[in-house]
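Below is data_28.pdb, which holds PDB, C-alpha atoms.
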ATOM      1  CA  MET H   1     -10.862 -36.570  32.715
ATOM      2  CA  GLU H   2     -12.172 -33.138  31.734
ATOM      3  CA  GLN H   3     -14.335 -33.196  28.611
ATOM      4  CA  PRO H   4     -13.582 -30.704  25.834
ATOM      5  CA  GLU H   5     -16.107 -27.964  25.231
ATOM      6  CA  VAL H   6     -17.908 -28.505  21.935
ATOM      7  CA  MET H   7     -18.511 -25.391  19.851
ATOM      8  CA  THR H   8     -20.719 -25.271  16.794
ATOM      9  CA  ASP H   9     -20.136 -22.909  13.878
ATOM     10  CA  LEU H  10     -22.799 -20.626  15.375
ATOM     11  CA  ASP H  11     -20.855 -20.439  18.636
ATOM     12  CA  VAL H  12     -17.645 -19.587  16.762
ATOM     13  CA  ALA H  13     -19.385 -16.841  14.786
ATOM     14  CA  SER H  14     -20.810 -15.380  17.986
ATOM     15  CA  ALA H  15     -17.422 -15.435  19.731
ATOM     16  CA  ASP H  16     -15.722 -13.722  16.771
ATOM     17  CA  LYS H  17     -18.438 -11.135  16.190
ATOM     18  CA  HIS H  18     -16.544  -8.279  17.815
ATOM     19  CA  VAL H  19     -13.047  -9.293  16.672
ATOM     20  CA  MET H  20     -13.659 -10.098  13.031
ATOM     21  CA  LYS H  21     -10.379  -9.747  11.168
ATOM     22  CA  LYS H  22     -10.530  -7.169   8.358
ATOM     23  CA  LEU H  23      -6.798  -6.750   7.709
ATOM     24  CA  PRO H  24      -4.030  -9.296   7.026
ATOM     25  CA  GLU H  25      -1.396 -10.854   9.226
ATOM     26  CA  ILE H  26       2.084  -9.345   8.773
ATOM     27  CA  THR H  27       4.248 -12.065   7.221
ATOM     28  CA  LEU H  28       7.036 -12.280   4.658
ATOM     29  CA  ALA H  29       4.389 -12.847   1.965
ATOM     30  CA  PHE H  30       2.694  -9.603   3.050
ATOM     31  CA  TRP H  31       5.865  -7.569   2.426
ATOM     32  CA  ILE H  32       6.532  -9.255  -0.921
ATOM     33  CA  MET H  33       2.987  -8.417  -2.027
ATOM     34  CA  LYS H  34       3.331  -4.847  -0.708
ATOM     35  CA  ILE H  35       6.486  -4.253  -2.756
ATOM     36  CA  ALA H  36       4.902  -5.844  -5.842
ATOM     37  CA  ALA H  37       1.766  -3.700  -5.444
ATOM     38  CA  THR H  38       3.682  -0.454  -4.933
ATOM     39  CA  THR H  39       5.998  -1.148  -7.872
ATOM     40  CA  LEU H  40       2.956  -1.895 -10.034
ATOM     41  CA  GLY H  41       1.363   1.297  -8.736
ATOM     42  CA  GLU H  42       4.348   3.252 -10.040
ATOM     43  CA  THR H  43       4.444   1.628 -13.488
ATOM     44  CA  ALA H  44       0.637   1.656 -13.926
ATOM     45  CA  GLY H  45       0.355   5.284 -12.802
ATOM     46  CA  ASP H  46       3.028   6.292 -15.305
ATOM     47  CA  LEU H  47       1.311   4.156 -17.952
ATOM     48  CA  PHE H  48      -1.890   6.200 -17.704
ATOM     49  CA  SER H  49      -0.399   9.642 -17.150
ATOM     50  CA  GLN H  50       2.672   9.514 -19.419
ATOM     51  CA  THR H  51       2.514   6.619 -21.891
ATOM     52  CA  LEU H  52      -1.179   7.138 -22.686
ATOM     53  CA  LYS H  53      -0.670  10.912 -22.255
ATOM     54  CA  LEU H  54      -3.717  11.437 -20.052
ATOM     55  CA  GLY H  55      -1.658  13.755 -17.880
ATOM     56  CA  TYR H  56      -1.239  14.006 -14.131
ATOM     57  CA  PHE H  57      -4.440  15.989 -13.543
ATOM     58  CA  LEU H  58      -6.938  13.729 -15.307
ATOM     59  CA  THR H  59      -5.195  10.535 -14.171
ATOM     60  CA  THR H  60      -5.171  11.697 -10.545
ATOM     61  CA  ILE H  61      -8.918  12.360 -10.631
ATOM     62  CA  ALA H  62      -9.660   9.028 -12.322
ATOM     63  CA  LEU H  63      -7.426   6.946 -10.042
ATOM     64  CA  PHE H  64      -8.678   8.689  -6.907
ATOM     65  CA  LEU H  65     -12.215   7.708  -7.901
ATOM     66  CA  VAL H  66     -10.990   4.134  -8.410
ATOM     67  CA  PHE H  67      -9.504   4.278  -4.903
ATOM     68  CA  VAL H  68     -12.836   5.464  -3.449
ATOM     69  CA  VAL H  69     -14.753   2.627  -5.147
ATOM     70  CA  THR H  70     -12.301  -0.057  -4.001
ATOM     71  CA  LEU H  71     -12.263   1.401  -0.486
ATOM     72  CA  VAL H  72     -16.074   1.292  -0.241
ATOM     73  CA  VAL H  73     -15.970  -2.397  -1.207
ATOM     74  CA  GLN H  74     -13.289  -3.089   1.414
ATOM     75  CA  LEU H  75     -15.074  -1.173   4.177
ATOM     76  CA  ASN H  76     -18.330  -3.003   3.508
ATOM     77  CA  SER H  77     -16.665  -6.401   3.575
ATOM     78  CA  LYS H  78     -17.503  -8.379   6.714
ATOM     79  CA  ARG H  79     -14.101 -10.059   7.023
ATOM     80  CA  TYR H  80     -10.620  -9.986   5.534
ATOM     81  CA  ASN H  81     -10.665 -10.682   1.801
ATOM     82  CA  PRO H  82      -7.202 -10.662   0.159
ATOM     83  CA  LEU H  83      -8.593  -9.565  -3.227
ATOM     84  CA  PHE H  84     -10.405  -6.564  -1.737
ATOM     85  CA  TYR H  85      -7.475  -5.587   0.500
ATOM     86  CA  TRP H  86      -4.757  -5.750  -2.151
ATOM     87  CA  THR H  87      -6.948  -4.011  -4.714
ATOM     88  CA  VAL H  88      -7.166  -1.029  -2.353
ATOM     89  CA  ILE H  89      -3.403  -1.136  -1.747
ATOM     90  CA  LEU H  90      -2.856  -1.117  -5.511
ATOM     91  CA  SER H  91      -5.328   1.720  -6.062
ATOM     92  CA  THR H  92      -3.661   3.840  -3.354
ATOM     93  CA  SER H  93      -0.281   3.164  -4.981
ATOM     94  CA  MET H  94      -1.506   4.206  -8.444
ATOM     95  CA  ALA H  95      -3.348   7.257  -7.131
ATOM     96  CA  GLY H  96      -0.376   8.133  -4.926
ATOM     97  CA  THR H  97       1.943   8.025  -7.952
ATOM     98  CA  THR H  98      -0.029  10.561  -9.981
ATOM     99  CA  MET H  99      -0.972  12.696  -6.947
ATOM    100  CA  SER H 100       2.722  13.026  -6.126
ATOM    101  CA  ASP H 101       3.612  13.790  -9.752
ATOM    102  CA  PHE H 102       0.873  16.419  -9.960
ATOM    103  CA  MET H 103       2.043  18.080  -6.746
ATOM    104  CA  ASN H 104       5.763  18.038  -7.461
ATOM    105  CA  ARG H 105       6.173  18.305 -11.219
ATOM    106  CA  ASP H 106       5.295  20.849 -13.901
ATOM    107  CA  ALA H 107       5.228  21.143 -17.693
ATOM    108  CA  SER H 108       8.970  21.692 -18.070
ATOM    109  CA  GLU H 109      11.003  19.572 -20.478
ATOM    110  CA  LYS H 110      12.649  17.864 -17.503
ATOM    111  CA  TYR H 111       9.420  15.989 -16.707
ATOM    112  CA  LEU H 112       8.001  15.505 -20.223
ATOM    113  CA  SER H 113       9.693  12.791 -22.249
ATOM    114  CA  ASN H 114       9.812  12.042 -25.980
ATOM    115  CA  GLY H 115       9.558  15.687 -26.984
ATOM    116  CA  ALA H 116       6.047  16.117 -25.548
ATOM    117  CA  THR H 117       4.954  19.679 -24.794
ATOM    118  CA  SER H 118       1.979  18.780 -22.631
ATOM    119  CA  LEU H 119       0.173  15.829 -21.085
ATOM    120  CA  GLY H 120      -3.588  15.538 -21.224
ATOM    121  CA  TRP H 121      -6.106  18.214 -20.329
ATOM    122  CA  GLY H 122      -5.848  20.656 -17.458
ATOM    123  CA  PRO H 123      -2.860  21.835 -15.424
ATOM    124  CA  GLN H 124       0.282  19.781 -15.910
ATOM    125  CA  GLY H 125       1.359  20.045 -12.302
ATOM    126  CA  LEU H 126       1.764  22.405  -9.364
ATOM    127  CA  GLY H 127       5.562  22.364  -9.573
ATOM    128  CA  LEU H 128       6.088  22.362  -5.801
ATOM    129  CA  GLY H 129       9.204  20.202  -6.053
ATOM    130  CA  TYR H 130       9.995  17.028  -4.153
ATOM    131  CA  PRO H 131      11.189  18.590  -0.842
ATOM    132  CA  ALA H 132       8.143  20.858  -0.508
ATOM    133  CA  GLY H 133       5.763  18.101  -1.587
ATOM    134  CA  ALA H 134       7.314  15.649   0.868
ATOM    135  CA  ALA H 135       7.108  18.223   3.698
ATOM    136  CA  ILE H 136       3.385  18.806   3.040
ATOM    137  CA  LEU H 137       2.621  15.086   2.863
ATOM    138  CA  THR H 138       4.672  14.356   5.989
ATOM    139  CA  SER H 139       2.706  17.020   7.864
ATOM    140  CA  ILE H 140      -0.601  15.500   6.742
ATOM    141  CA  LEU H 141       0.580  12.030   7.782
ATOM    142  CA  VAL H 142       1.608  13.345  11.231
ATOM    143  CA  VAL H 143      -1.847  14.904  11.646
ATOM    144  CA  ILE H 144      -3.523  11.582  10.757
ATOM    145  CA  PHE H 145      -1.406   9.646  13.252
ATOM    146  CA  THR H 146      -1.994  12.315  15.919
ATOM    147  CA  VAL H 147      -5.773  12.081  15.476
ATOM    148  CA  TRP H 148      -5.436   8.291  15.481
ATOM    149  CA  LYS H 149      -3.467   8.428  18.738
ATOM    150  CA  PHE H 150      -6.064  10.622  20.465
ATOM    151  CA  THR H 151      -8.882   8.255  19.508
ATOM    152  CA  GLY H 152      -7.212   5.626  21.672
ATOM    153  CA  MET H 153      -7.513   2.994  18.921
ATOM    154  CA  THR H 154      -4.726   0.518  18.240
ATOM    155  CA  PHE H 155      -2.023   0.998  15.590
ATOM    156  CA  VAL H 156      -1.616  -2.791  15.303
ATOM    157  CA  ILE H 157      -3.374  -3.519  12.026
ATOM    158  CA  ARG H 158      -4.383  -7.105  12.816
ATOM    159  CA  ASP H 159      -6.371  -5.732  15.786
ATOM    160  CA  ILE H 160      -8.232  -3.042  13.820
ATOM    161  CA  THR H 161     -11.876  -4.133  13.727
ATOM    162  CA  THR H 162     -13.911  -0.899  13.719
ATOM    163  CA  PHE H 163     -15.040   1.223  10.774
ATOM    164  CA  ARG H 164     -13.377   4.346  12.212
ATOM    165  CA  GLY H 165     -10.112   2.531  12.830
ATOM    166  CA  GLU H 166     -10.075   1.143   9.306
ATOM    167  CA  ALA H 167     -10.900   4.582   7.848
ATOM    168  CA  LEU H 168      -7.901   6.071   9.674
ATOM    169  CA  PHE H 169      -5.740   3.178   8.491
ATOM    170  CA  TRP H 170      -6.627   3.713   4.818
ATOM    171  CA  SER H 171      -6.175   7.486   5.121
ATOM    172  CA  ALA H 172      -2.667   6.863   6.402
ATOM    173  CA  ILE H 173      -2.026   4.364   3.600
ATOM    174  CA  LEU H 174      -3.065   6.795   0.849
ATOM    175  CA  VAL H 175      -0.915   9.625   2.215
ATOM    176  CA  SER H 176       2.046   7.348   2.972
ATOM    177  CA  ASN H 177       1.974   5.925  -0.560
ATOM    178  CA  THR H 178       1.887   9.448  -2.019
ATOM    179  CA  LEU H 179       4.729  10.495   0.280
ATOM    180  CA  GLY H 180       6.692   7.395  -0.637
ATOM    181  CA  THR H 181       6.368   8.247  -4.325
ATOM    182  CA  SER H 182       7.789  11.722  -3.675
ATOM    183  CA  MET H 183      10.684  10.211  -1.729
ATOM    184  CA  GLY H 184      11.352   7.620  -4.431
ATOM    185  CA  ASP H 185      11.268  10.191  -7.262
ATOM    186  CA  PHE H 186      13.594  12.458  -5.297
ATOM    187  CA  LEU H 187      16.084   9.606  -4.855
ATOM    188  CA  SER H 188      15.824   8.635  -8.533
ATOM    189  CA  ASP H 189      15.768  12.076 -10.153
ATOM    190  CA  SER H 190      17.375  14.608  -7.821
ATOM    191  CA  SER H 191      19.713  12.869  -5.378
ATOM    192  CA  GLY H 192      22.257  11.647  -7.937
ATOM    193  CA  LEU H 193      21.817   8.036  -6.840
ATOM    194  CA  GLY H 194      19.814   7.046  -9.894
ATOM    195  CA  TYR H 195      17.078   4.412 -10.000
ATOM    196  CA  LEU H 196      19.168   1.428  -8.940
ATOM    197  CA  GLY H 197      21.104   3.404  -6.325
ATOM    198  CA  GLY H 198      17.872   4.720  -4.809
ATOM    199  CA  ALA H 199      16.412   1.219  -4.658
ATOM    200  CA  LEU H 200      19.566  -0.123  -2.983
ATOM    201  CA  LEU H 201      19.543   2.698  -0.417
ATOM    202  CA  VAL H 202      15.920   2.038   0.576
ATOM    203  CA  SER H 203      16.629  -1.715   0.685
ATOM    204  CA  GLY H 204      19.489  -1.012   3.086
ATOM    205  CA  LEU H 205      17.215   1.061   5.338
ATOM    206  CA  LEU H 206      14.665  -1.741   5.378
ATOM    207  CA  ALA H 207      17.423  -4.172   6.377
ATOM    208  CA  VAL H 208      18.274  -1.885   9.316
ATOM    209  CA  LEU H 209      14.619  -1.931  10.396
ATOM    210  CA  LEU H 210      14.701  -5.724  10.247
ATOM    211  CA  LEU H 211      17.677  -5.751  12.632
ATOM    212  CA  LEU H 212      15.951  -3.261  14.960
ATOM    213  CA  MET H 213      13.115  -5.755  15.415
ATOM    214  CA  ARG H 214      15.492  -7.623  17.721
ATOM    215  CA  VAL H 215      15.909  -4.548  19.947
ATOM    216  CA  PRO H 216      13.278  -4.753  22.733
ATOM    217  CA  ALA H 217      13.291  -0.977  23.324
ATOM    218  CA  VAL H 218      12.084  -0.254  19.777
ATOM    219  CA  PRO H 219       8.313  -0.808  19.310
ATOM    220  CA  ASN H 220       7.508  -3.159  16.455
ATOM    221  CA  VAL H 221       4.460  -1.053  15.576
ATOM    222  CA  LEU H 222       6.730   1.939  14.905
ATOM    223  CA  LEU H 223       9.038  -0.199  12.775
ATOM    224  CA  PHE H 224       6.046  -1.498  10.825
ATOM    225  CA  TRP H 225       4.827   1.962   9.849
ATOM    226  CA  ILE H 226       8.312   3.166   8.921
ATOM    227  CA  ALA H 227       8.746   0.065   6.768
ATOM    228  CA  PHE H 228       5.304   0.578   5.247
ATOM    229  CA  VAL H 229       6.295   4.088   4.144
ATOM    230  CA  LEU H 230       9.744   3.003   2.911
ATOM    231  CA  THR H 231       8.437   0.161   0.745
ATOM    232  CA  ARG H 232       6.699   2.817  -1.382
ATOM    233  CA  PRO H 233       9.908   4.629  -2.461
ATOM    234  CA  LEU H 234      11.389   1.166  -3.023
ATOM    235  CA  GLY H 235       8.507   0.460  -5.391
ATOM    236  CA  ALA H 236       8.876   3.876  -7.022
ATOM    237  CA  THR H 237      12.599   3.501  -7.670
ATOM    238  CA  ALA H 238      12.221  -0.129  -8.757
ATOM    239  CA  GLY H 239       9.386   0.835 -11.106
ATOM    240  CA  ASP H 240      11.460   3.633 -12.631
ATOM    241  CA  PHE H 241      14.424   1.284 -12.971
ATOM    242  CA  LEU H 242      12.273  -1.148 -14.944
ATOM    243  CA  THR H 243      10.623   1.390 -17.239
ATOM    244  CA  LYS H 244      12.950   4.338 -17.823
ATOM    245  CA  PRO H 245      15.338   4.534 -20.840
ATOM    246  CA  ILE H 246      18.767   2.933 -20.601
ATOM    247  CA  ALA H 247      20.331   6.362 -21.175
ATOM    248  CA  LYS H 248      18.740   7.511 -17.902
ATOM    249  CA  GLY H 249      19.847   4.430 -15.977
ATOM    250  CA  GLY H 250      16.761   2.243 -16.454
ATOM    251  CA  LEU H 251      16.141  -1.056 -18.204
ATOM    252  CA  ASP H 252      13.716   0.458 -20.743
ATOM    253  CA  LEU H 253      11.193  -2.388 -20.383
ATOM    254  CA  GLY H 254       8.311   0.040 -20.826
ATOM    255  CA  THR H 255       5.311   0.735 -18.630
ATOM    256  CA  GLU H 256       3.052  -1.715 -20.492
ATOM    257  CA  GLY H 257       5.238  -4.813 -20.231
ATOM    258  CA  SER H 258       6.423  -4.083 -16.694
ATOM    259  CA  SER H 259       2.865  -3.455 -15.486
ATOM    260  CA  ALA H 260       1.611  -6.681 -17.090
ATOM    261  CA  VAL H 261       4.323  -8.787 -15.428
ATOM    262  CA  LEU H 262       3.863  -7.144 -12.033
ATOM    263  CA  LEU H 263       0.085  -7.531 -12.263
ATOM    264  CA  ALA H 264       0.490 -11.252 -12.979
ATOM    265  CA  VAL H 265       2.811 -11.591  -9.966
ATOM    266  CA  LEU H 266       0.409  -9.709  -7.683
ATOM    267  CA  LEU H 267      -2.616 -11.702  -8.878
ATOM    268  CA  GLY H 268      -0.754 -14.951  -8.303
ATOM    269  CA  LEU H 269       0.212 -13.925  -4.778
ATOM    270  CA  THR H 270      -3.320 -12.707  -4.053
ATOM    271  CA  CYS H 271      -4.781 -16.044  -5.164
ATOM    272  CA  TYR H 272      -2.284 -17.823  -2.920
ATOM    273  CA  ALA H 273      -3.261 -15.608   0.024
ATOM    274  CA  HIS H 274      -6.951 -16.264  -0.674
ATOM    275  CA  MET H 275      -6.391 -20.030  -0.645
ATOM    276  CA  GLN H 276      -4.510 -19.713   2.639
ATOM    277  CA  GLU H 277      -7.405 -17.769   4.154
ATOM    278  CA  ARG H 278      -9.887 -20.413   3.037
ATOM    279  CA  ARG H 279      -7.656 -23.165   4.410
ATOM    280  CA  ASN H 280      -7.504 -21.431   7.795
ATOM    281  CA  ALA H 281     -11.237 -20.644   7.921
ATOM    282  CA  VAL H 282     -13.674 -22.712   9.991
ATOM    283  CA  PRO H 283     -15.066 -25.420   7.655
ATOM    284  CA  GLY H 284     -18.817 -25.266   7.185
ATOM    285  CA  GLY H 285     -20.845 -27.953   8.853
ATOM    286  CA  ARG H 286     -18.071 -29.176  11.152
ATOM    287  CA  VAL H 287     -17.706 -28.671  14.867
ATOM    288  CA  VAL H 288     -14.728 -27.128  16.599
ATOM    289  CA  THR H 289     -13.476 -28.426  19.922
ATOM    290  CA  ARG H 290     -11.741 -26.290  22.492
ATOM    291  CA  ASN H 291     -10.189 -27.469  25.762
ATOM    292  CA  SER H 292     -11.350 -25.510  28.806
TER     293      SER H 292
END

Represent the structure contained in this file as structure tokens.
Amino acid sequence: MEQPEVMTDLDVASADKHVMKKLPEITLAFWIMKIAATTLGETAGDLFSQTLKLGYFLTTIALFLVFVVTLVVQLNSKRYNPLFYWTVILSTSMAGTTMSDFMNRDASEKYLSNGATSLGWGPQGLGLGYPAGAAILTSILVVIFTVWKFTGMTFVIRDITTFRGEALFWSAILVSNTLGTSMGDFLSDSSGLGYLGGALLVSGLLAVLLLLMRVPAVPNVLLFWIAFVLTRPLGATAGDFLTKPIAKGGLDLGTEGSSAVLLAVLLGLTCYAHMQERRNAVPGGRVVTRNS
């Protein structure tokens, strides 16, 4: 009878050295956390820029710096850490919210609520409008994916193990979250669907993507990235639905209360994901057996 090969922890570490996982597995929990993070990004971004009246310009600068700090922590991590990963996702969602608002909106009464005449210091917005803003962001995202394609590195996130691959991944995430905000605000504000209608439309598109996963001719990687972009407008419309006044079709729960609840949900899910990672990790001091 063939004896199993005995591997110590040192052997396992050596075998995994070049394939250390830095990004999560794509599961149902992943998508729930993604939607929670993007919805929180919408409500928290609006909390800083509108409720606290810091304005789009100052809030964009501040949240972009937060994104840079969280990204540096993630990039310097040696393995996948759910807290680091989801903190970056949240920071890209918050920064994407105010970056989109700054690009697309202006100081007109349409975008300033409660009789405000200005928000914070600096320019109130570039006033490009949602279609123009979305076109610019889509072009930037296409450029990122084109560069990514020519590098020859994988688009499958669980297989991304290099610094350059992860840098391209997070660049795409930041732009896709900003683009998703523009799409969500367009659906909520300009399409006539309203907040709930916009959320239902995006949910329907995501359901179609789920069905397409059963079609062999459609690459799952392509479906993943389309879904990743679409969950952002879902978060944007859901966030607006929670926070905007009833007269405008929202629930008027406010940015503070909605953000607090969503943060609690995301923290709970992150803790659960962290416990799962620890449960699946190689226990210290034990040996692992592998049949040849």

Residues matched by the PyMOL selection byres ((chain H and resi 186-197) around 6), written as an MDAnalysis selection string: chainID H and resid 130 183:185 198:200 237 241

Would you translate the PyMOL selection byres ((chain H and resi 273) around 10) into the concrete set of residues it matches in this file, as a PDB file with C-alpha atoms, in the coordinates of the input?
ATOM      1  CA  PRO H  24      -4.030  -9.296   7.026  1.00  0.00           C
ATOM      2  CA  ALA H  29       4.389 -12.847   1.965  1.00  0.00           C
ATOM      3  CA  PHE H  30       2.694  -9.603   3.050  1.00  0.00           C
ATOM      4  CA  MET H  33       2.987  -8.417  -2.027  1.00  0.00           C
ATOM      5  CA  ASN H  81     -10.665 -10.682   1.801  1.00  0.00           C
ATOM      6  CA  PRO H  82      -7.202 -10.662   0.159  1.00  0.00           C
ATOM      7  CA  LEU H  83      -8.593  -9.565  -3.227  1.00  0.00           C
ATOM      8  CA  LEU H 267      -2.616 -11.702  -8.878  1.00  0.00           C
ATOM      9  CA  GLY H 268      -0.754 -14.951  -8.303  1.00  0.00           C
ATOM     10  CA  LEU H 269       0.212 -13.925  -4.778  1.00  0.00           C
ATOM     11  CA  THR H 270      -3.320 -12.707  -4.053  1.00  0.00           C
ATOM     12  CA  CYS H 271      -4.781 -16.044  -5.164  1.00  0.00           C
ATOM     13  CA  TYR H 272      -2.284 -17.823  -2.920  1.00  0.00           C
ATOM     14  CA  HIS H 274      -6.951 -16.264  -0.674  1.00  0.00           C
ATOM     15  CA  MET H 275      -6.391 -20.030  -0.645  1.00  0.00           C
ATOM     16  CA  GLN H 276      -4.510 -19.713   2.639  1.00  0.00           C
ATOM     17  CA  GLU H 277      -7.405 -17.769   4.154  1.00  0.00           C
ATOM     18  CA  ARG H 278      -9.887 -20.413   3.037  1.00  0.00           C
ATOM     19  CA  ARG H 279      -7.656 -23.165   4.410  1.00  0.00           C
TER      20      ARG H 279
END

Hits from the PyMOL selection byres ((chain H and resi 105) around 8), listed as an MDAnalysis selection string: chainID H and resid 101:104 106:107 111 124:129

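For the pair CA of Phe155 (chain H) and CA of Ile173 (chain H), the separation is 12.5 Å.
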
For CA of Glu166 (chain H) and CA of Ala236 (chain H), the interatomic separation in Å (one decimal): 25.2 Å

Separation of CA of Trp170 (chain H) from CA of Val265 (chain H), in Å and rounded to one decimal: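 For CA of Trp170 (chain H) relative to CA of Val265 (chain H), the distance reads 23.3 Å.
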
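Using all atoms listed in the file, the contacts of Leu234 (chain H) at a cut-off of 9 Å, with sequence neighbours closer than 3 positions omitted, comprise H:Ile35, H:Thr38, H:Thr39, H:Gly180, H:Thr181, H:Gly184, H:Gly198, H:Ala199, H:Leu200, H:Leu201, H:Val202, H:Ser203, H:Leu230, H:Thr231, H:Thr237, H:Ala238, H:Gly239.
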
Close residues, Leu40 (chain H) itself excluded, 10 Å, only C-alpha atoms, min 3 positions apart in chain, as a list in words: Lys34, Ile35, Ala36, Ala37, Thr43, Ala44, Gly45, Asp46, Leu90, Ser91, Ser93, Met94, Gly235, Ala236, Ala238, Gly239, Thr255, Ser258, Ser259, Ala260, Val261, Leu262, Leu263, Val265 and Leu266 of chain H

Option closest in space to Val68 (chain H), from H:Leu23, H:Leu168, H:Leu174, H:Ile136 [counting all atoms listed in the file]: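 For Val68 (chain H), the nearest of the candidates is H:Leu174.
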
Contacts of Leu63 (chain H) at 8 Å (all atoms listed in the file; same-chain gap of 2+ positions) as a VMD selection string: chain H and resid 59 to 61 65 to 67 91 94 to 95

Within 9 Å of file point (7.6, -2.7, 10.3), counting all atoms listed in the file, expressed as a ChimeraX atom specification: /H:26,206,209-210,213,220-228

Distance criterion (only C-alpha atoms): nearest to Arg158 (chain H) out of H:Ala207, H:Tyr56, H:Lys22, H:Thr243: H:Lys22

Nearest candidate to Ile157 (chain H) (options H:Gly204, H:Leu137, H:Glu25, H:Leu253; using only C-alpha atoms):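 Of all the options, H:Glu25 lies closest to Ile157 (chain H).
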
Pick from H:Gly41, H:Pro131, H:Gly257, H:Pro123, whichever lies nearest to Thr87 (chain H) using only C-alpha atoms: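 Residue with the minimum atom-to-atom distance to Thr87 (chain H): H:Gly41.
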
Top pick for closest residue to Gly254 (chain H), considering H:Asp240, H:Thr151, H:Trp31, H:Trp86 and counting all atoms listed in the file: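 Of H:Asp240, H:Thr151, H:Trp31, H:Trp86, the one nearest Gly254 (chain H) is H:Asp240, counting all atoms listed in the file.
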